$ cat query_21.pdb   # PDB, C-alpha atoms
ATOM      1  CA  MET A   1      -8.058   0.223 -15.296
ATOM      2  CA  ARG A   2      -7.592   3.766 -16.479
ATOM      3  CA  ARG A   3      -6.341   6.377 -14.078
ATOM      4  CA  LYS A   4      -9.336   8.680 -14.437
ATOM      5  CA  HIS A   5     -11.740   5.838 -13.615
ATOM      6  CA  LEU A   6      -9.756   4.870 -10.527
ATOM      7  CA  GLU A   7      -9.540   8.497  -9.394
ATOM      8  CA  SER A   8     -13.291   8.886  -9.792
ATOM      9  CA  ALA A   9     -14.020   5.759  -7.764
ATOM     10  CA  LEU A  10     -11.640   6.778  -4.968
ATOM     11  CA  SER A  11     -13.016  10.316  -4.895
ATOM     12  CA  SER A  12     -16.466   8.923  -4.215
ATOM     13  CA  VAL A  13     -15.581   7.455  -0.815
ATOM     14  CA  SER A  14     -16.803   9.352   2.235
ATOM     15  CA  HIS A  15     -13.474   9.705   4.012
ATOM     16  CA  THR A  16     -10.505  10.849   1.955
ATOM     17  CA  THR A  17      -9.240  13.060   4.790
ATOM     18  CA  PHE A  18      -8.982  12.879   8.575
ATOM     19  CA  PRO A  19     -11.699  14.915  10.361
ATOM     20  CA  HIS A  20      -9.527  15.077  13.488
ATOM     21  CA  PRO A  21      -5.922  14.372  12.451
ATOM     22  CA  LYS A  22      -3.391  13.413  15.110
ATOM     23  CA  ILE A  23      -0.021  15.083  14.828
ATOM     24  CA  LYS A  24       1.727  12.426  16.922
ATOM     25  CA  LEU A  25       0.846   9.906  14.216
ATOM     26  CA  GLU A  26       1.658  12.375  11.425
ATOM     27  CA  GLN A  27      -1.739  11.743   9.859
ATOM     28  CA  TYR A  28      -1.750  13.344   6.420
ATOM     29  CA  PRO A  29      -4.238  12.108   3.794
ATOM     30  CA  THR A  30      -3.189  10.647   0.460
ATOM     31  CA  SER A  31      -5.277  12.204  -2.298
ATOM     32  CA  PRO A  32      -7.254   9.993  -4.721
ATOM     33  CA  GLN A  33      -5.163  11.416  -7.561
ATOM     34  CA  LEU A  34      -1.854  10.463  -5.969
ATOM     35  CA  ALA A  35      -3.162   7.074  -4.777
ATOM     36  CA  SER A  36      -4.317   6.251  -8.310
ATOM     37  CA  SER A  37      -0.951   7.135  -9.804
ATOM     38  CA  VAL A  38       0.934   5.078  -7.224
ATOM     39  CA  ILE A  39      -1.171   1.932  -7.575
ATOM     40  CA  LEU A  40      -1.095   2.026 -11.369
ATOM     41  CA  CYS A  41       2.678   2.428 -11.109
ATOM     42  CA  VAL A  42       2.799  -0.750  -8.997
ATOM     43  CA  VAL A  43       0.723  -2.551 -11.625
ATOM     44  CA  GLU A  44       3.006  -1.298 -14.394
ATOM     45  CA  LYS A  45       6.056  -2.656 -12.579
ATOM     46  CA  GLY A  46       4.466  -6.110 -12.614
ATOM     47  CA  ASP A  47       4.197  -6.697  -8.873
ATOM     48  CA  LEU A  48       0.394  -6.556  -9.058
ATOM     49  CA  ILE A  49      -1.569  -7.781 -12.069
ATOM     50  CA  ASP A  50      -4.465  -5.800 -13.483
ATOM     51  CA  ASP A  51      -7.661  -7.821 -13.961
ATOM     52  CA  ASP A  52      -7.663  -6.798 -17.642
ATOM     53  CA  ASP A  53      -4.001  -7.657 -18.168
ATOM     54  CA  ASP A  54      -3.174 -10.394 -20.681
ATOM     55  CA  GLN A  55      -0.795 -11.915 -18.107
ATOM     56  CA  ASN A  56      -3.726 -12.695 -15.858
ATOM     57  CA  ASP A  57      -5.169 -15.599 -17.865
ATOM     58  CA  SER A  58      -4.694 -17.937 -14.890
ATOM     59  CA  GLY A  59      -6.981 -15.828 -12.717
ATOM     60  CA  ILE A  60      -4.399 -15.725  -9.920
ATOM     61  CA  MET A  61      -4.522 -12.416  -8.115
ATOM     62  CA  SER A  62      -2.363 -10.765  -5.472
ATOM     63  CA  SER A  63      -2.500 -10.107  -1.749
ATOM     64  CA  VAL A  64      -1.669  -6.638  -0.434
ATOM     65  CA  LEU A  65      -0.966  -5.212   3.003
ATOM     66  CA  ASP A  66      -1.335  -1.467   3.586
ATOM     67  CA  VAL A  67       0.735  -0.640   6.692
ATOM     68  CA  GLY A  68      -0.349   2.582   8.378
ATOM     69  CA  CYS A  69      -3.405   2.588   6.141
ATOM     70  CA  GLY A  70      -5.127   5.669   7.576
ATOM     71  CA  THR A  71      -8.420   5.973   5.693
ATOM     72  CA  GLY A  72      -7.467   2.935   3.594
ATOM     73  CA  ILE A  73      -7.155   4.812   0.309
ATOM     74  CA  LEU A  74      -4.091   2.939  -1.005
ATOM     75  CA  GLY A  75      -5.348  -0.530  -0.110
ATOM     76  CA  ILE A  76      -8.807   0.199  -1.484
ATOM     77  CA  ALA A  77      -7.208   1.463  -4.700
ATOM     78  CA  CYS A  78      -5.533  -1.930  -5.151
ATOM     79  CA  GLY A  79      -8.901  -3.655  -4.939
ATOM     80  CA  LEU A  80     -10.662  -1.195  -7.223
ATOM     81  CA  ALA A  81      -7.900  -1.453  -9.829
ATOM     82  CA  GLY A  82      -8.536  -5.178 -10.045
ATOM     83  CA  ALA A  83      -4.966  -5.875  -8.969
ATOM     84  CA  ALA A  84      -5.594  -7.679  -5.673
ATOM     85  CA  ASN A  85      -8.292  -9.911  -4.258
ATOM     86  CA  HIS A  86      -7.015  -9.912  -0.681
ATOM     87  CA  VAL A  87      -6.265  -6.570   0.996
ATOM     88  CA  ILE A  88      -5.287  -6.099   4.638
ATOM     89  CA  LEU A  89      -5.638  -2.579   6.050
ATOM     90  CA  LEU A  90      -3.466  -2.135   9.141
ATOM     91  CA  ASP A  91      -3.179   0.850  11.454
ATOM     92  CA  CYS A  92      -2.604   1.566  15.151
ATOM     93  CA  ASP A  93      -5.360   4.188  15.407
ATOM     94  CA  ASP A  94      -8.945   3.132  16.126
ATOM     95  CA  ASP A  95     -10.379   6.296  14.584
ATOM     96  CA  ALA A  96      -8.455   5.773  11.345
ATOM     97  CA  LEU A  97      -9.522   2.142  11.162
ATOM     98  CA  GLU A  98     -13.143   3.148  11.573
ATOM     99  CA  LEU A  99     -12.792   5.541   8.634
ATOM    100  CA  ALA A 100     -11.215   2.769   6.567
ATOM    101  CA  ARG A 101     -13.994   0.377   7.576
ATOM    102  CA  GLU A 102     -16.680   2.835   6.487
ATOM    103  CA  ASN A 103     -14.897   3.443   3.178
ATOM    104  CA  VAL A 104     -14.757  -0.285   2.451
ATOM    105  CA  LYS A 105     -18.453  -0.675   3.251
ATOM    106  CA  GLN A 106     -19.330   2.233   0.992
ATOM    107  CA  ILE A 107     -17.357   0.821  -1.927
ATOM    108  CA  GLU A 108     -19.070  -2.514  -1.458
ATOM    109  CA  ASP A 109     -22.508  -0.875  -1.424
ATOM    110  CA  ASP A 110     -21.769   1.349  -4.416
ATOM    111  CA  TYR A 111     -20.835  -1.566  -6.661
ATOM    112  CA  ARG A 112     -22.970  -4.353  -5.190
ATOM    113  CA  GLU A 113     -25.762  -4.092  -7.764
ATOM    114  CA  GLU A 114     -23.504  -3.140 -10.650
ATOM    115  CA  TYR A 115     -21.402  -6.277 -10.587
ATOM    116  CA  ASP A 116     -21.998  -9.980 -10.222
ATOM    117  CA  THR A 117     -20.757 -10.750  -6.721
ATOM    118  CA  SER A 118     -20.961 -14.495  -7.350
ATOM    119  CA  GLU A 119     -17.876 -14.327  -9.567
ATOM    120  CA  GLY A 120     -14.708 -13.282  -7.814
ATOM    121  CA  CYS A 121     -14.392 -10.853  -4.953
ATOM    122  CA  VAL A 122     -12.047  -8.592  -3.088
ATOM    123  CA  MET A 123     -11.658  -9.589   0.537
ATOM    124  CA  TYR A 124     -10.755  -6.730   2.874
ATOM    125  CA  GLU A 125      -9.507  -7.250   6.401
ATOM    126  CA  ILE A 126      -9.145  -4.568   9.056
ATOM    127  CA  MET A 127      -6.330  -5.108  11.543
ATOM    128  CA  LYS A 128      -5.020  -3.082  14.462
ATOM    129  CA  ALA A 129      -1.301  -3.181  15.226
ATOM    130  CA  GLN A 130       1.448  -0.668  15.874
ATOM    131  CA  VAL A 131       4.851  -0.705  14.264
ATOM    132  CA  GLN A 132       7.411  -0.675  17.041
ATOM    133  CA  PHE A 133      10.015   2.002  16.561
ATOM    134  CA  SER A 134      13.530   0.933  17.414
ATOM    135  CA  PRO A 135      16.774   2.144  15.832
ATOM    136  CA  SER A 136      18.083  -1.431  16.005
ATOM    137  CA  LEU A 137      15.036  -3.004  14.353
ATOM    138  CA  LYS A 138      15.973  -5.870  12.040
ATOM    139  CA  THR A 139      13.819  -8.103   9.908
ATOM    140  CA  SER A 140      13.457 -11.733  10.916
ATOM    141  CA  SER A 141      13.605 -14.702   8.563
ATOM    142  CA  SER A 142      12.604 -17.267  11.184
ATOM    143  CA  ASN A 143       8.942 -17.357  10.257
ATOM    144  CA  GLN A 144       7.955 -19.484   7.308
ATOM    145  CA  PRO A 145       6.088 -17.928   4.361
ATOM    146  CA  CYS A 146       2.344 -18.356   4.243
ATOM    147  CA  ASN A 147       0.301 -18.814   1.097
ATOM    148  CA  ASN A 148      -2.716 -16.576   0.691
ATOM    149  CA  ARG A 149      -3.063 -16.847  -3.085
ATOM    150  CA  LYS A 150      -6.606 -17.263  -4.320
ATOM    151  CA  LYS A 151      -8.350 -17.644  -7.629
ATOM    152  CA  HIS A 152     -10.121 -14.635  -9.038
ATOM    153  CA  GLY A 153     -13.160 -15.164 -11.184
ATOM    154  CA  GLY A 154     -12.915 -11.699 -12.732
ATOM    155  CA  GLY A 155     -15.440 -10.283 -15.125
ATOM    156  CA  SER A 156     -18.993  -9.166 -14.719
ATOM    157  CA  LYS A 157     -22.164  -9.954 -16.576
ATOM    158  CA  ASN A 158     -22.547  -6.420 -17.837
ATOM    159  CA  GLY A 159     -19.186  -6.643 -19.581
ATOM    160  CA  ARG A 160     -17.360  -4.119 -17.396
ATOM    161  CA  LYS A 161     -14.173  -5.413 -15.868
ATOM    162  CA  ASN A 162     -12.493  -2.319 -14.513
ATOM    163  CA  ILE A 163     -13.706  -2.766 -10.935
ATOM    164  CA  PRO A 164     -14.093  -6.284  -9.528
ATOM    165  CA  PRO A 165     -16.985  -7.130  -7.249
ATOM    166  CA  LEU A 166     -16.159  -6.626  -3.610
ATOM    167  CA  LYS A 167     -16.681  -8.704  -0.544
ATOM    168  CA  ASN A 168     -16.312  -6.948   2.762
ATOM    169  CA  LYS A 169     -14.758  -9.074   5.476
ATOM    170  CA  LEU A 170     -14.064  -7.110   8.618
ATOM    171  CA  ALA A 171     -13.835  -9.944  11.109
ATOM    172  CA  GLU A 172     -10.687 -11.321  12.691
ATOM    173  CA  PRO A 173      -7.873 -11.614  10.124
ATOM    174  CA  SER A 174      -7.686 -14.965   8.343
ATOM    175  CA  SER A 175      -3.974 -14.471   7.703
ATOM    176  CA  PRO A 176      -1.778 -16.662   9.879
ATOM    177  CA  VAL A 177      -1.206 -14.756  13.113
ATOM    178  CA  ARG A 178       1.712 -15.683  15.313
ATOM    179  CA  ALA A 179       3.562 -14.200  18.233
ATOM    180  CA  ILE A 180       4.210 -10.493  17.820
ATOM    181  CA  ASN A 181       7.527  -9.907  16.089
ATOM    182  CA  ALA A 182      10.130  -7.312  16.955
ATOM    183  CA  ASP A 183       8.405  -4.901  14.596
ATOM    184  CA  GLY A 184       5.138  -5.198  16.516
ATOM    185  CA  ILE A 185       3.045  -6.733  13.727
ATOM    186  CA  PRO A 186       1.628 -10.199  14.563
ATOM    187  CA  LEU A 187       1.792 -11.567  11.025
ATOM    188  CA  SER A 188       4.066 -14.208   9.552
ATOM    189  CA  SER A 189       6.995 -13.211   7.411
ATOM    190  CA  LYS A 190       6.283 -13.163   3.670
ATOM    191  CA  CYS A 191       2.538 -13.433   4.278
ATOM    192  CA  VAL A 192       1.493 -11.125   1.403
ATOM    193  CA  ASP A 193       2.748 -10.457  -2.098
ATOM    194  CA  VAL A 194       3.106  -6.691  -1.806
ATOM    195  CA  VAL A 195       3.238  -4.224   1.069
ATOM    196  CA  ILE A 196       2.346  -0.596   0.437
ATOM    197  CA  THR A 197       3.021   2.008   3.089
ATOM    198  CA  ASN A 198       2.927   5.768   3.476
ATOM    199  CA  PRO A 199       4.772   5.935   6.806
ATOM    200  CA  PRO A 200       5.300   8.913   9.103
ATOM    201  CA  PHE A 201       8.288  10.821   7.761
ATOM    202  CA  GLY A 202       9.817  10.962  11.227
ATOM    203  CA  THR A 203      10.942  14.555  10.963
ATOM    204  CA  LYS A 204      10.125  15.683  14.493
ATOM    205  CA  HIS A 205       9.766  13.617  17.687
ATOM    206  CA  ASN A 206      10.093  10.206  16.027
ATOM    207  CA  ALA A 207      13.114  10.378  13.726
ATOM    208  CA  GLY A 208      13.704   6.998  12.121
ATOM    209  CA  VAL A 209      10.146   5.688  12.318
ATOM    210  CA  ASP A 210       9.944   5.658   8.514
ATOM    211  CA  MET A 211      12.712   3.049   8.433
ATOM    212  CA  ALA A 212      10.904   0.960  11.050
ATOM    213  CA  PHE A 213       7.868   0.852   8.727
ATOM    214  CA  LEU A 214      10.064  -0.032   5.756
ATOM    215  CA  PHE A 215      11.897  -2.834   7.567
ATOM    216  CA  ALA A 216       8.602  -4.324   8.758
ATOM    217  CA  ALA A 217       7.235  -4.131   5.221
ATOM    218  CA  VAL A 218      10.237  -5.999   3.822
ATOM    219  CA  ARG A 219       9.749  -8.798   6.342
ATOM    220  CA  LEU A 220       6.053  -9.160   5.555
ATOM    221  CA  SER A 221       6.266  -9.113   1.748
ATOM    222  CA  ARG A 222       6.983 -11.936  -0.685
ATOM    223  CA  LYS A 223       7.585  -9.906  -3.812
ATOM    224  CA  ALA A 224       7.985  -6.188  -3.205
ATOM    225  CA  VAL A 225       7.452  -3.139  -1.010
ATOM    226  CA  TYR A 226       6.349   0.325  -2.111
ATOM    227  CA  SER A 227       7.061   3.013   0.465
ATOM    228  CA  PHE A 228       6.833   6.823   0.551
ATOM    229  CA  HIS A 229       9.905   8.730   1.775
ATOM    230  CA  LYS A 230      11.025  12.348   1.632
ATOM    231  CA  SER A 231      13.293  12.896  -1.340
ATOM    232  CA  SER A 232      15.785  14.659   0.928
ATOM    233  CA  THR A 233      16.421  11.313   2.683
ATOM    234  CA  ARG A 234      17.021   9.360  -0.550
ATOM    235  CA  LYS A 235      20.728   8.697  -0.060
ATOM    236  CA  TYR A 236      20.152   7.529   3.506
ATOM    237  CA  ILE A 237      17.274   5.245   2.484
ATOM    238  CA  LEU A 238      19.332   3.561  -0.224
ATOM    239  CA  LYS A 239      22.392   3.223   2.023
ATOM    240  CA  LYS A 240      20.417   1.804   4.964
ATOM    241  CA  ASN A 241      18.696  -0.791   2.799
ATOM    242  CA  LYS A 242      22.016  -1.949   1.388
ATOM    243  CA  GLU A 243      23.548  -2.191   4.863
ATOM    244  CA  THR A 244      20.565  -4.075   6.285
ATOM    245  CA  PHE A 245      19.558  -6.436   3.480
ATOM    246  CA  GLY A 246      22.674  -6.661   1.319
ATOM    247  CA  THR A 247      22.089  -8.404  -2.013
ATOM    248  CA  SER A 248      18.853 -10.102  -0.944
ATOM    249  CA  VAL A 249      16.830  -7.134  -2.187
ATOM    250  CA  GLY A 250      16.990  -4.605  -4.975
ATOM    251  CA  VAL A 251      16.094  -0.981  -4.259
ATOM    252  CA  GLU A 252      15.046   1.680  -6.742
ATOM    253  CA  ILE A 253      13.219   4.988  -6.875
ATOM    254  CA  VAL A 254      10.296   4.346  -9.211
ATOM    255  CA  ALA A 255       8.610   7.739  -8.959
ATOM    256  CA  GLU A 256       9.210  11.271  -7.762
ATOM    257  CA  MET A 257       6.019  12.760  -6.359
ATOM    258  CA  LYS A 258       4.668  15.984  -4.947
ATOM    259  CA  PHE A 259       2.753  15.239  -1.762
ATOM    260  CA  GLU A 260       0.352  18.016  -0.815
ATOM    261  CA  ILE A 261       0.022  18.848   2.877
ATOM    262  CA  GLY A 262      -2.904  21.098   3.686
ATOM    263  CA  ASN A 263      -3.348  23.470   6.597
ATOM    264  CA  MET A 264      -4.270  20.757   9.112
ATOM    265  CA  TYR A 265      -2.445  21.622  12.324
ATOM    266  CA  LYS A 266      -2.014  24.784  14.386
ATOM    267  CA  PHE A 267       1.637  25.188  13.458
ATOM    268  CA  HIS A 268       0.828  25.225   9.731
ATOM    269  CA  LYS A 269       1.092  28.792   8.458
ATOM    270  CA  GLU A 270       0.486  28.199   4.744
ATOM    271  CA  LYS A 271      -2.764  27.110   3.121
ATOM    272  CA  SER A 272      -0.980  24.149   1.596
ATOM    273  CA  LYS A 273       2.530  22.979   0.933
ATOM    274  CA  TYR A 274       4.049  20.445  -1.434
ATOM    275  CA  VAL A 275       6.701  18.067  -0.149
ATOM    276  CA  HIS A 276       8.933  16.220  -2.589
ATOM    277  CA  VAL A 277       8.553  12.505  -1.948
ATOM    278  CA  ASP A 278      10.103   9.376  -3.488
ATOM    279  CA  LEU A 279       8.185   6.190  -4.118
ATOM    280  CA  VAL A 280      10.748   3.559  -3.131
ATOM    281  CA  ARG A 281      10.441   0.016  -4.450
ATOM    282  CA  VAL A 282      12.214  -2.771  -2.563
ATOM    283  CA  ARG A 283      12.015  -6.094  -4.398
ATOM    284  CA  HIS A 284      12.953  -9.519  -3.096
ATOM    285  CA  ILE A 285      15.550 -10.801  -5.528
ATOM    286  CA  LYS A 286      15.387 -14.426  -4.401
ATOM    287  CA  SER A 287      11.607 -14.453  -4.740
ATOM    288  CA  GLU A 288      11.815 -13.125  -8.293
ATOM    289  CA  GLU A 289      14.499 -15.621  -9.289
ATOM    290  CA  ASP A 290      12.436 -18.511  -7.962
ATOM    291  CA  ASN A 291       9.036 -17.472  -9.236
ATOM    292  CA  CYS A 292       9.480 -15.173 -12.239
ATOM    293  CA  ASN A 293      10.568 -16.002 -15.766
ATOM    294  CA  ASP A 294      13.019 -13.951 -17.780
ATOM    295  CA  ASP A 295      10.257 -11.827 -19.284
ATOM    296  CA  ASP A 296       9.031 -10.891 -15.833
ATOM    297  CA  LEU A 297      12.520  -9.867 -14.779
ATOM    298  CA  ALA A 298      12.951  -7.800 -17.923
ATOM    299  CA  GLY A 299       9.977  -5.722 -16.862
ATOM    300  CA  THR A 300      11.555  -4.685 -13.575
ATOM    301  CA  SER A 301      14.133  -2.292 -15.000
ATOM    302  CA  SER A 302      14.441   1.140 -13.498
ATOM    303  CA  MET A 303      11.785   3.617 -14.545
ATOM    304  CA  ASP A 304      12.237   7.356 -14.512
ATOM    305  CA  ARG A 305       8.866   8.952 -14.137
ATOM    306  CA  LYS A 306       7.323  11.796 -12.194
ATOM    307  CA  ILE A 307       3.899  11.799 -10.646
ATOM    308  CA  GLN A 308       2.322  15.113  -9.830
ATOM    309  CA  GLU A 309      -1.153  16.018  -8.712
TER     310      GLU A 309
END
$ encode --input "query_21.pdb" --output "structure tokens"
Amino acid sequence: MRRKHLESALSSVSHTTFPHPKIKLEQYPTSPQLASSVILCVVEKGDLIDDDDDQNDSGIMSSVLDVGCGTGILGIACGLAGAANHVILLDCDDDALELARENVKQIEDDYREEYDTSEGCVMYEIMKAQVQFSPSLKTSSSNQPCNNRKKHGGGSKNGRKNIPPLKNKLAEPSSPVRAINADGIPLSSKCVDVVITNPPFGTKHNAGVDMAFLFAAVRLSRKAVYSFHKSSTRKYILKKNKETFGTSVGVEIVAEMKFEIGNMYKFHKEKSKYVHVDLVRVRHIKSEEDNCNDDDLAGTSSMDRKIQE
């Protein structure tokens, strides 16, 4: 799916910002432009497969978890791009989850008549949970992986494939739910293919919370994690991942972004400000060795690109 089409679809949702943002949760919206660039970057890296991609002849699609989803813009972008047919939107804030729920319903309504909903679907789940912040947080390998892969019918009768038909499922999560782990998320380890997260940067009262989000994401993912972090913390992020996970994961900076922060809180003095942010990719090396062929691995080389709004 082309970037401009994805941007247009995301811009059409009712809630791209927070009407009453909460500073304690560091709620800053991700713009449709930035969300589009990030998700298409994930597709390009091969961790999610575009519905129009030649590699997707089998019809197997991906599962995605958006941790700290806010309005759901990143998770919804995965579904709209045709790169996932199972998307879990997770947040600790009821107000944010309601915004995400309304956005999902709107997307479903907007494309209900335009696409054949009998062939393939995107299943969205809304889940409330809070990542527990602890400086000593470690990932756990005790839980067994779960398999949420599904077949995707793809296509539509009118010949347009860019946006798959959607199916809104906002009931209790169908993903295997077990006892709450140390990270606070009651989901099995390796329960989704990819985790995407735009965590709090942890620059004020909650220093280190960004790493808690990242560690939880690594535990929950089978293939890879994509996480936003301030560029000024790059060396620390890379060092901490190496110390925690050793050679079981590979870490790279796949994009350098400018994240716009508007005048949202009382202490903001400028109309808007750009913060330099890295898009960090953490890939499970063992998973890739077991499940990917040499061509797949060749496509995971480091990429030097910049994404700007």
$ atom_distance --input "query_21.pdb" --atom1 "atom CA of A:Glu26" --atom2 "atom CA of A:Leu74"
16.6 Å
$ resolve_selection --input "query_21.pdb" --expression "the PyMOL selection byres ((chain A and resi 195) around 9)" --output "list in words"
Ser63, Val64, Leu65, Asp66, Val67, Val192, Asp193, Val194, Ile196, Thr197, Ala217, Val218, Leu220, Ser221, Arg222, Lys223, Ala224, Val225, Tyr226 and Ser227 of chain A
$ resolve_selection --input "query_21.pdb" --expression "the PyMOL selection byres ((chain A and resi 132) around 8)" --output "list in words"
Gln130, Val131, Phe133, Ser134, Ala182, Asp183, Gly184 and Ala212 of chain A
$ resolve_selection --input "query_21.pdb" --expression "the PyMOL selection byres ((chain A and resi 14) around 12)" --output "list in words"
Ala9, Leu10, Ser11, Ser12, Val13, His15, Thr16, Thr17, Phe18, Pro19, Pro32, Thr71, Gly72, Ile73, Glu98, Leu99, Ala100, Arg101, Glu102, Asn103, Val104, Lys105, Gln106, Ile107 and Asp110 of chain A
$ atom_distance --input "query_21.pdb" --atom1 "atom CA of A:Leu187" --atom2 "atom CA of A:Gly75"
17.2 Å
$ atom_distance --input "query_21.pdb" --atom1 "atom CA of A:Lys269" --atom2 "atom CA of A:His20"
18.1 Å
$ closest_residue --input "query_21.pdb" --among "A:Asp47, A:Asp210, A:Glu125, A:Glu108" --to "A:Leu89" --atoms "all atoms listed in the file"
A:Glu125
$ closest_residue --input "query_21.pdb" --among "A:Lys24, A:His229, A:Arg281, A:Lys45" --to "A:Cys92" --atoms "only C-alpha atoms"
A:Lys24
$ residues_near_point --input "query_21.pdb" --point "(-7.7, 12.0, -10.5)" --cutoff "7 Å" --atoms "only C-alpha atoms" --output "ChimeraX atom specification"
/A:3-4,7-8,32-33
$ closest_residue --input "query_21.pdb" --among "A:Cys191, A:Leu25, A:Ile237, A:Lys128" --to "A:Asn206" --atoms "all atoms listed in the file"
A:Leu25
$ closest_residue --input "query_21.pdb" --among "A:Ile76, A:Ala216, A:Val249, A:Val122" --to "A:Pro186" --atoms "all atoms listed in the file"
A:Ala216
$ build_atoms --input "query_21.pdb" --residues "stretch 25-36 of chain A" --atoms "N, CA and C atoms" --output "PDB file, in the coordinates of the input"
ATOM      1  N   LEU A  25       0.816  10.991  15.205  1.00  0.00           N
ATOM      2  CA  LEU A  25       0.846   9.906  14.216  1.00  0.00           C
ATOM      3  C   LEU A  25       1.155  10.427  12.817  1.00  0.00           C
ATOM      4  N   GLU A  26       1.397  11.740  12.721  1.00  0.00           N
ATOM      5  CA  GLU A  26       1.658  12.375  11.425  1.00  0.00           C
ATOM      6  C   GLU A  26       0.613  11.969  10.395  1.00  0.00           C
ATOM      7  N   GLN A  27      -0.641  12.141  10.746  1.00  0.00           N
ATOM      8  CA  GLN A  27      -1.739  11.743   9.859  1.00  0.00           C
ATOM      9  C   GLN A  27      -1.970  12.814   8.784  1.00  0.00           C
ATOM     10  N   TYR A  28      -1.525  12.502   7.589  1.00  0.00           N
ATOM     11  CA  TYR A  28      -1.750  13.344   6.420  1.00  0.00           C
ATOM     12  C   TYR A  28      -2.418  12.484   5.353  1.00  0.00           C
ATOM     13  N   PRO A  29      -3.515  12.933   4.769  1.00  0.00           N
ATOM     14  CA  PRO A  29      -4.238  12.108   3.794  1.00  0.00           C
ATOM     15  C   PRO A  29      -3.518  12.006   2.456  1.00  0.00           C
ATOM     16  N   THR A  30      -3.668  10.852   1.828  1.00  0.00           N
ATOM     17  CA  THR A  30      -3.189  10.647   0.460  1.00  0.00           C
ATOM     18  C   THR A  30      -4.353  10.913  -0.478  1.00  0.00           C
ATOM     19  N   SER A  31      -4.179  11.824  -1.408  1.00  0.00           N
ATOM     20  CA  SER A  31      -5.277  12.204  -2.298  1.00  0.00           C
ATOM     21  C   SER A  31      -5.630  11.061  -3.253  1.00  0.00           C
ATOM     22  N   PRO A  32      -6.869  11.005  -3.723  1.00  0.00           N
ATOM     23  CA  PRO A  32      -7.254   9.993  -4.721  1.00  0.00           C
ATOM     24  C   PRO A  32      -6.397  10.053  -5.976  1.00  0.00           C
ATOM     25  N   GLN A  33      -5.986  11.269  -6.367  1.00  0.00           N
ATOM     26  CA  GLN A  33      -5.163  11.416  -7.561  1.00  0.00           C
ATOM     27  C   GLN A  33      -3.800  10.761  -7.377  1.00  0.00           C
ATOM     28  N   LEU A  34      -3.177  11.034  -6.228  1.00  0.00           N
ATOM     29  CA  LEU A  34      -1.854  10.463  -5.969  1.00  0.00           C
ATOM     30  C   LEU A  34      -1.955   8.954  -5.751  1.00  0.00           C
ATOM     31  N   ALA A  35      -2.972   8.504  -5.022  1.00  0.00           N
ATOM     32  CA  ALA A  35      -3.162   7.074  -4.777  1.00  0.00           C
ATOM     33  C   ALA A  35      -3.331   6.323  -6.093  1.00  0.00           C
ATOM     34  N   SER A  36      -4.100   6.890  -7.010  1.00  0.00           N
ATOM     35  CA  SER A  36      -4.317   6.251  -8.310  1.00  0.00           C
ATOM     36  C   SER A  36      -3.012   6.102  -9.071  1.00  0.00           C
TER      37      SER A  36
END
